[in-house]
Structure formats: C-alpha cells, structure tokens
Amino acid sequence: MNWQVDQLTKKYKEGDAIAGISLNLEKGKATGLLGANGAGKSTLIKCMLGLVIPTSGSAYRNDAEISLGYLPENPSLPETLSALHLVEHMLRIRCSRIESSKDLLSEVGLKERYWKTPLRAYSKGMRQRTALACALAADPPWLILDEPMSGLDVLGRKHVLSLLEKRLKEKGTGILVCSHAVTDLVRLCDSILLMASGKVKDFFPVVEHSMLEVAQLEEKLAIYNESKAGVQ
Amino acid sequence: MRAFHLLAFTALILVPLAATVFSNLFLLDIGKVRMDVLIAGNRIIAALYILAIAVMLMANDVSKGMIHIFLTPPSSRRDYLIGRFFGLLVGFVVVLLAAGIGSEVVLGLTFSEKIEVYRHGLERGDGLLLALFTFYQLISILAAVMFICAWATSLAEMFVFSAGFLLLSWLLPPVLQAMKSAEVLQHTPEWIVSLLNGVAYILPSLNGSEIGLALAHGLPISSIWPHIFEHASYALLMLGLALIALLRRDL
C-alpha cells in the first residue's frame with residue numbers, strides 16, 4: 001500500500017508554498033521532512049491530507065477509506081473535555097471497538113492522575129501527548145506527524161520516539177514525520193527529504209541511524225539555508 | 001459547556017420567573033403579558049444559543065484549527081458539517097425542553113386565576129407549543145450560520161455576520177409590515193422598498209412567535225405544516241451552500 005504524491009503545487013498570492021512536489025511513501029517505512037521555517041513542510045502535509053486544497057497535482061492513497069492519524073503542529077484541543085473523553089470521542093468517530101482510551105493514554109505516557117483533568121489545565125507537553133493519543137486512535141495504518149516532539153521534555157521525546165519505532169516495526173505503520181530535530185529524524189526514519197523554498201531539494205537515505213548521518217544531514221541543511229538566505 | 005448550562009437554567013428558571021414578576025404589574029391580560037414575556041425570553045435565548053454556542057464552536061473548529069483533530073479520513077468535511085449541525089440541534093432541543101417546561105409552569109399559574117379575562121383563553125400544553133414554535137425556526141437560522149462560518153475566516157467575521165443575519169431576519173419583517181401603510185410608502189424612496197423586499201426574500205421568515213400565539217388562540221395545528229416545510233427547505237439549501245463553501249476552502 002503506497003501513498004503517491006504527484007506534482008503537488010499550492011500557490012498563494014504571496015508566492016508558491018509548495019511547487020511540483022512528487023513523492024512515493026511506502027507503508028511500513030518512516031519518511032522524514034526536514035527544512036527551515038517556511039520551506040513548505042506543513043503545507044505539503046496539509047495538501048496530502050486534503051486540509052489545504054492544492055492548486056494543482058494530486059495525492060492518492062489506495063487505502064483511502066481507511067483511517068489515518070494526524071498530529072497537527074500546535075494542536076488545538078477542546079478546552080473543557082478531559083483527555084479520556086477526547087480520546088474516547090476519537091475512538092467513537094473512527095468506529096474502533098477494540099482499543100481502549102486508557103490503553104492509548106498509557107501508551108503516549110500521560111500520567112493516569114491527569115486523565116480526567118480538563119485539557120485547559122494541561123501543559124504543552126501533556127497536550128501534545130493527548131493529541132498524539134488522538135492520532136493513534138483506531139490503530140491507523142498511516143501516521144502523519146507535524147512536529148511531534150514540540151513541547152516535550154527529553155524523557156518525553158525518548159518515549160514518543162520509542163512508541164513510533166514500535167508502531168513502525170510491530171504494526172507496519174507508514175509514518176511521515178516533519179521535524180526540526182535532525183537527531184530524532186535520523187533515529188526514526190528510513191529516508192529524509194530535505195525541503196527548501198517549497199521544493200524537495202534532496203533525498204537522504206538513512207542506513208545506519210548514526211551520528212555521522214546526523215552531521216551529514218545538518219551540513220546539507222546548512223547549505224540549503226545559506227543558499228536560500230543568499231537568494232533573499 | 002458553562003454557557004450551555006447557563007442558557008438552559010435561564011430558559012427553565014429565569015425567563016419564567018421574569019414572566020411571572022412582570023405580569024403582576026398589570027391588572028388585566030395577565031395571561032397575554034406572560035405569553036409575551038415568554039416569547040421575548042425564548043427569542044433572546046435562541047439568539048444567545050446561536051451566537052455564544054454555535055458560532056463559538058464553529059470558530060474554534062475552523063479558525064483555531066480544532067477541526068484538524070477530527071477531520072482525518074475516514075471523516076470527511078461533509079460528515080463534519082452534518083455532525084456539527086445535528087449536534088447543535090440536539091443541544092438546542094435540551095434548551096427548548098427547559099424553556100417548554102418553564103413556560104408550562106408559568107402558564108399553569110395562569111389557569112389558577114379565577115377570573116376568565118386573566119386566563120386569556122390559554123390551555124394546558126400551550127407553554128410547550130409556544131417554546132416549540134418560537135424555537136423551530138432555529139433550524140433555518142442555524143443552517144444559515146453554518147454557511148456563514150463555512151466561509152468566514154475568523155471569529156470576528158463569523159460573529160459579526162451571524163449577528164447581522166439574526167438582526168436582519170428579526171427586524172426586516174416588522175419594517176416591511178410598516179411600509180405597507182400608505183403614509184409611510186409616500187415618504188420612502190421606491191428603491192429602498194425594492195431593496196428591503198429583495199433582502200427579505202433571501203432571509204428565512206421568522207414567524208414562530210406568531211404561530212405560537214395563533215395556536216394558543218385555537219388555530220388548527222395542520223396549518224403550521226407549510227411553515228415547517230419552508231424552514232426545512234431553507235435549512236437544506238443553506239446546508240448545501242455551507243458544504244460547497246467548506247469544500248472549497250483551506251483549513
């Protein structure tokens with residue numbers, strides 16, 4: 001099962017957010033999106049999900065009827081609900097009778113004493129974990145994560161990374177993750193796409209998941225950032 | 001949630017209390033005064049429900065991005081719109097029931113009046129009917145508000161346009177009624193009359209309170225079916241437009 005993106009373009013009055021991006025995502029593999037702010041990572045994700053209407057091009061999934069999990073950047077959650085209620089609601093929307101909301105909240109590492117607290121009292125990290133639990137509801141075959149480590153402390157990052165690795169290996173979930181944390185991307189992903197100015201500039205296969213690859217990737221990223229700054 | 005509880009409390013206790021207290025200022029027509037206060041109270045509650053609950057909820061979803069959590073496959077934009085519409089209607093049925101029970105209690109007090117003229121021809125069940133027919137037109141208003149929220153980009157836009165729509169829907173019919181008088185017509189430019197008539201055509205006809213009063217005065221219930229059909233058709237049309245607007249926008 002693949003997710004085919006073909007010549008996806010989104011133009012705004014101010015310029016192109018993304019321009020002619022084509023890629024092929026495979027289920028059971030993790031793909032990273034790396035780039036500076038404004039490179040078009042989030043727009044690409046939103047276009048693939050249908051949240052932003054592309055100006056041209058298409059994104060096709062041959063399992064389009066099956067649910068997918070999406071963790072937005074800075075997720076906005078209903079303030080008056082508790083995490084337990086929200087995740088139960090998500091499971092109901094996705095017609096899942098197998099999973100329990102408590103299992104999902106445990107899986108993302110949200111402490112049990114906060115499960116029934118209204119979300120308005122949550123810290124950013126706790127909100128992030130709750131939103132991740134929502135994305136994981138109904139065991140989706142694809143996970144699209146926009147800055148999943150945002151707001152998490154060191155232990156939280158490790159926990160979420162392990163969780164994603166487990167999903168990848170044990171359930172064969174396809175993951176598309178967008179992040180500024182190069183180390184996290186190298187640890188998790190099988191390949192990383194370097195984006196700049198709304199285009200995919202480079203494809204970086206991750207083989208050893210080593211610090212050497214992190215250094216190489218950071219070097220490439222710096223080159224693209226410098227050339228972008230030069231153009232500006 | 002707190003706003004919803006407050007509205008339900010107002011419909012159940014505060015409006016009926018106001019109707020009882022206010023009617024005691026009058027010597028005759030106690031039943032009619034109570035009826036008028038209940039109608040006015042129910043209308044205010046309907047407007048508050050639209051502005052404080054429906055618009056705020058849609059604004060949170062659309063402009064703050066809460067919709068992103070819910071709107072991933074298999075949920076579609078159509079599912080979201082229909083789910084929100086019926087969810088808001090169900091919430092409103094609860095407020096309606098509270099208003100109906102409160103109205104029934106107040107009108108029940110009227111039946112205990114010994115002098116016929118105080119009772120003003122009211123019968124048991126009229127309180128519930130009054131609430132029902134003051135509120136049923138909300139179906140079309142709510143659908144129109146969904147349309148406004150489907151294309152507006154921020155809370156401010158959604159709030160201002162929805163409030164404007166509500167005001168126009170309520171204020172225009174009496175204005176047009178007044179314009180039927182020859183004296184008023186003589187002093188009003190023709191283009192203003194045409195403009196107001198044109199605007200009135202695209203608004204739902206909010207005649208629920210008149211229907212409520214007419215029913216309380218013995219109008220057969222079969223005569224209100226055309227009005228319900230009119231509001232349901234208007235709601236369907238507006239929901240269709242809302243869906244088109246929602247399908248064409250970036251979220």
# chains A, B, ... in the order shown; residues from 1 in each chain; ligands from 1
$ residues_around --residues "B:Leu239" --least-positions-apart "5" --cutoff "10 Å" --atoms "only C-alpha atoms" --output "PyMOL selection string"
chain B and resi 78+81-82+85+140+142-147+150+233-234+244-245
$ interface_residues --of "chain A" --to "chain B" --cutoff "7 Å" --atoms "only C-alpha atoms" --output "PyMOL selection string"
chain A and resi 51-53+65-70+72+76-77
$ write_last_selection --atoms "C-alpha atoms" --output "mmCIF file, in the first residue's frame"
data_model
loop_
_atom_site.group_PDB
_atom_site.id
_atom_site.type_symbol
_atom_site.label_atom_id
_atom_site.label_comp_id
_atom_site.auth_asym_id
_atom_site.auth_seq_id
_atom_site.Cartn_x
_atom_site.Cartn_y
_atom_site.Cartn_z
ATOM 1 C CA LEU A 51 -6.969 20.117 4.611
ATOM 2 C CA VAL A 52 -5.473 22.570 2.113
ATOM 3 C CA ILE A 53 -6.798 22.443 -1.444
ATOM 4 C CA GLU A 65 -11.187 4.598 3.017
ATOM 5 C CA ILE A 66 -9.030 3.515 5.946
ATOM 6 C CA SER A 67 -8.424 5.962 8.771
ATOM 7 C CA LEU A 68 -5.148 7.764 9.239
ATOM 8 C CA GLY A 69 -3.711 9.531 12.222
ATOM 9 C CA TYR A 70 -2.678 13.172 12.036
ATOM 10 C CA PRO A 72 -1.018 18.851 13.692
ATOM 11 C CA SER A 76 -5.868 22.906 19.208
ATOM 12 C CA LEU A 77 -7.935 20.773 21.583
#
$ atom_distance --atom1 "atom CA of A:Ala36" --atom2 "atom CA of A:Tyr122"
28.8 Å
$ atom_distance --atom1 "atom CA of B:Asp79" --atom2 "atom CA of B:Leu243"
9.9 Å
$ closest_atom_pairs --of "stretch 35-108 of chain A" --to "stretch 131-149 of chain A" --cutoff "9 Å" --atoms "only C-alpha atoms" --output "JSON lines"
{"residue": "A:Lys41", "atom": "CA", "partner": "A:Asp146", "partner_atom": "CA", "distance": 8.4}
{"residue": "A:Ser42", "atom": "CA", "partner": "A:Asp146", "partner_atom": "CA", "distance": 6.8}
{"residue": "A:Ile45", "atom": "CA", "partner": "A:Ile144", "partner_atom": "CA", "distance": 7.5}
{"residue": "A:Leu49", "atom": "CA", "partner": "A:Ile144", "partner_atom": "CA", "distance": 8.8}
{"residue": "A:Ile66", "atom": "CA", "partner": "A:Pro140", "partner_atom": "CA", "distance": 7.5}
{"residue": "A:Ser67", "atom": "CA", "partner": "A:Pro140", "partner_atom": "CA", "distance": 5.5}
{"residue": "A:Leu68", "atom": "CA", "partner": "A:Pro140", "partner_atom": "CA", "distance": 4.7}
{"residue": "A:Gly69", "atom": "CA", "partner": "A:Ala135", "partner_atom": "CA", "distance": 4.1}
{"residue": "A:Tyr70", "atom": "CA", "partner": "A:Ile144", "partner_atom": "CA", "distance": 4.8}
{"residue": "A:Leu71", "atom": "CA", "partner": "A:Leu145", "partner_atom": "CA", "distance": 4.8}
{"residue": "A:Pro72", "atom": "CA", "partner": "A:Asp146", "partner_atom": "CA", "distance": 5.3}
{"residue": "A:Glu73", "atom": "CA", "partner": "A:Asp146", "partner_atom": "CA", "distance": 5.0}
{"residue": "A:Asn74", "atom": "CA", "partner": "A:Glu147", "partner_atom": "CA", "distance": 8.3}
{"residue": "A:Pro75", "atom": "CA", "partner": "A:Ala131", "partner_atom": "CA", "distance": 6.6}
{"residue": "A:Ser76", "atom": "CA", "partner": "A:Ala131", "partner_atom": "CA", "distance": 8.6}
{"residue": "A:Leu77", "atom": "CA", "partner": "A:Ala131", "partner_atom": "CA", "distance": 7.7}
{"residue": "A:Ala83", "atom": "CA", "partner": "A:Ala131", "partner_atom": "CA", "distance": 8.8}
{"residue": "A:Leu86", "atom": "CA", "partner": "A:Cys134", "partner_atom": "CA", "distance": 7.6}
{"residue": "A:Val87", "atom": "CA", "partner": "A:Cys134", "partner_atom": "CA", "distance": 5.5}
{"residue": "A:Glu88", "atom": "CA", "partner": "A:Ala137", "partner_atom": "CA", "distance": 8.7}
{"residue": "A:His89", "atom": "CA", "partner": "A:Cys134", "partner_atom": "CA", "distance": 9.0}
{"residue": "A:Met90", "atom": "CA", "partner": "A:Cys134", "partner_atom": "CA", "distance": 6.1}
{"residue": "A:Leu91", "atom": "CA", "partner": "A:Ala137", "partner_atom": "CA", "distance": 5.7}
{"residue": "A:Arg94", "atom": "CA", "partner": "A:Ala138", "partner_atom": "CA", "distance": 6.2}
{"residue": "A:Cys95", "atom": "CA", "partner": "A:Ala138", "partner_atom": "CA", "distance": 7.5}
{"residue": "A:Ser96", "atom": "CA", "partner": "A:Ala138", "partner_atom": "CA", "distance": 5.2}
{"residue": "A:Arg97", "atom": "CA", "partner": "A:Ala138", "partner_atom": "CA", "distance": 8.2}
{"residue": "A:Ile98", "atom": "CA", "partner": "A:Ala138", "partner_atom": "CA", "distance": 7.9}
{"residue": "A:Glu99", "atom": "CA", "partner": "A:Ala138", "partner_atom": "CA", "distance": 6.7}
{"residue": "A:Ser100", "atom": "CA", "partner": "A:Ala137", "partner_atom": "CA", "distance": 8.9}
{"residue": "A:Ser101", "atom": "CA", "partner": "A:Ala137", "partner_atom": "CA", "distance": 8.0}
{"residue": "A:Leu104", "atom": "CA", "partner": "A:Ala133", "partner_atom": "CA", "distance": 5.6}
{"residue": "A:Leu105", "atom": "CA", "partner": "A:Ala133", "partner_atom": "CA", "distance": 6.0}
{"residue": "A:Ser106", "atom": "CA", "partner": "A:Ala133", "partner_atom": "CA", "distance": 9.0}
{"residue": "A:Glu107", "atom": "CA", "partner": "A:Ala133", "partner_atom": "CA", "distance": 7.8}
{"residue": "A:Val108", "atom": "CA", "partner": "A:Ala133", "partner_atom": "CA", "distance": 6.2}
$ residues_around --residues "B:Ser205" --least-positions-apart "3" --cutoff "10 Å" --atoms "only C-alpha atoms" --output "number ranges by chain"
B: 137, 140-141, 169-170, 172-173, 200-202, 208, 227, 230-231, 234
$ write_last_selection --atoms "N, CA and C atoms" --output "CSV table (one decimal), in the first residue's frame"
chain,number,residue,atom,x,y,z
B,137,GLN,N,-37.9,27.6,14.2
B,137,GLN,CA,-37.2,28.4,13.1
B,137,GLN,C,-35.7,28.4,13.2
B,140,SER,N,-33.5,26.8,10.4
B,140,SER,CA,-33.0,27.5,9.2
B,140,SER,C,-31.9,28.5,9.6
B,141,ILE,N,-32.1,29.2,10.8
B,141,ILE,CA,-31.1,30.1,11.2
B,141,ILE,C,-29.7,29.4,11.4
B,169,SER,N,-33.0,39.3,10.1
B,169,SER,CA,-34.1,38.3,10.0
B,169,SER,C,-35.2,38.8,10.9
B,170,TRP,N,-34.9,39.3,12.1
B,170,TRP,CA,-35.9,39.7,13.0
B,170,TRP,C,-36.5,41.1,12.8
B,172,LEU,N,-36.4,43.0,9.8
B,172,LEU,CA,-36.9,43.3,8.5
B,172,LEU,C,-38.4,43.1,8.4
B,173,PRO,N,-39.0,42.0,8.8
B,173,PRO,CA,-40.4,41.8,8.6
B,173,PRO,C,-41.3,42.9,9.2
B,200,ALA,N,-35.4,40.7,2.1
B,200,ALA,CA,-36.3,39.9,2.9
B,200,ALA,C,-36.5,38.5,2.2
B,201,TYR,N,-36.4,38.5,0.8
B,201,TYR,CA,-36.6,37.2,0.1
B,201,TYR,C,-35.5,36.2,0.5
B,202,ILE,N,-34.3,36.7,0.7
B,202,ILE,CA,-33.3,35.7,1.0
B,202,ILE,C,-33.1,35.3,2.5
B,208,GLY,N,-42.3,32.2,14.0
B,208,GLY,CA,-42.7,31.2,15.1
B,208,GLY,C,-43.5,31.8,16.2
B,227,HIS,N,-45.2,26.1,7.1
B,227,HIS,CA,-44.1,26.9,7.7
B,227,HIS,C,-42.9,26.0,8.0
B,230,GLU,N,-41.2,25.1,4.9
B,230,GLU,CA,-40.5,26.2,4.4
B,230,GLU,C,-39.1,26.3,5.1
B,231,HIS,N,-39.1,26.2,6.5
B,231,HIS,CA,-37.9,26.3,7.2
B,231,HIS,C,-36.9,25.1,6.9
B,234,TYR,N,-35.4,25.7,3.6
B,234,TYR,CA,-34.4,26.8,3.7
B,234,TYR,C,-33.1,26.2,4.3
$ closest_residue --among "B:Ile53, B:Leu27, B:Ala98, B:Met179" --to "B:Leu12" --atoms "only C-alpha atoms"
B:Ala98
$ select_by_dssp --residues "chain A" --states "alpha helix (DSSP H)" --output "JSON, numbers by chain"
{"A": [41, 42, 43, 44, 45, 46, 47, 48, 49, 83, 84, 85, 86, 87, 88, 89, 90, 91, 92, 93, 101, 102, 103, 104, 105, 106, 107, 124, 125, 126, 127, 128, 129, 130, 131, 132, 133, 134, 135, 136, 154, 155, 156, 157, 158, 159, 160, 161, 162, 163, 164, 165, 166, 182, 183, 184, 185, 186, 187, 188, 211, 212, 213, 214, 215, 216, 217, 218, 219, 220, 221, 222, 223, 224, 225, 226, 227, 228, 229, 230, 231]}
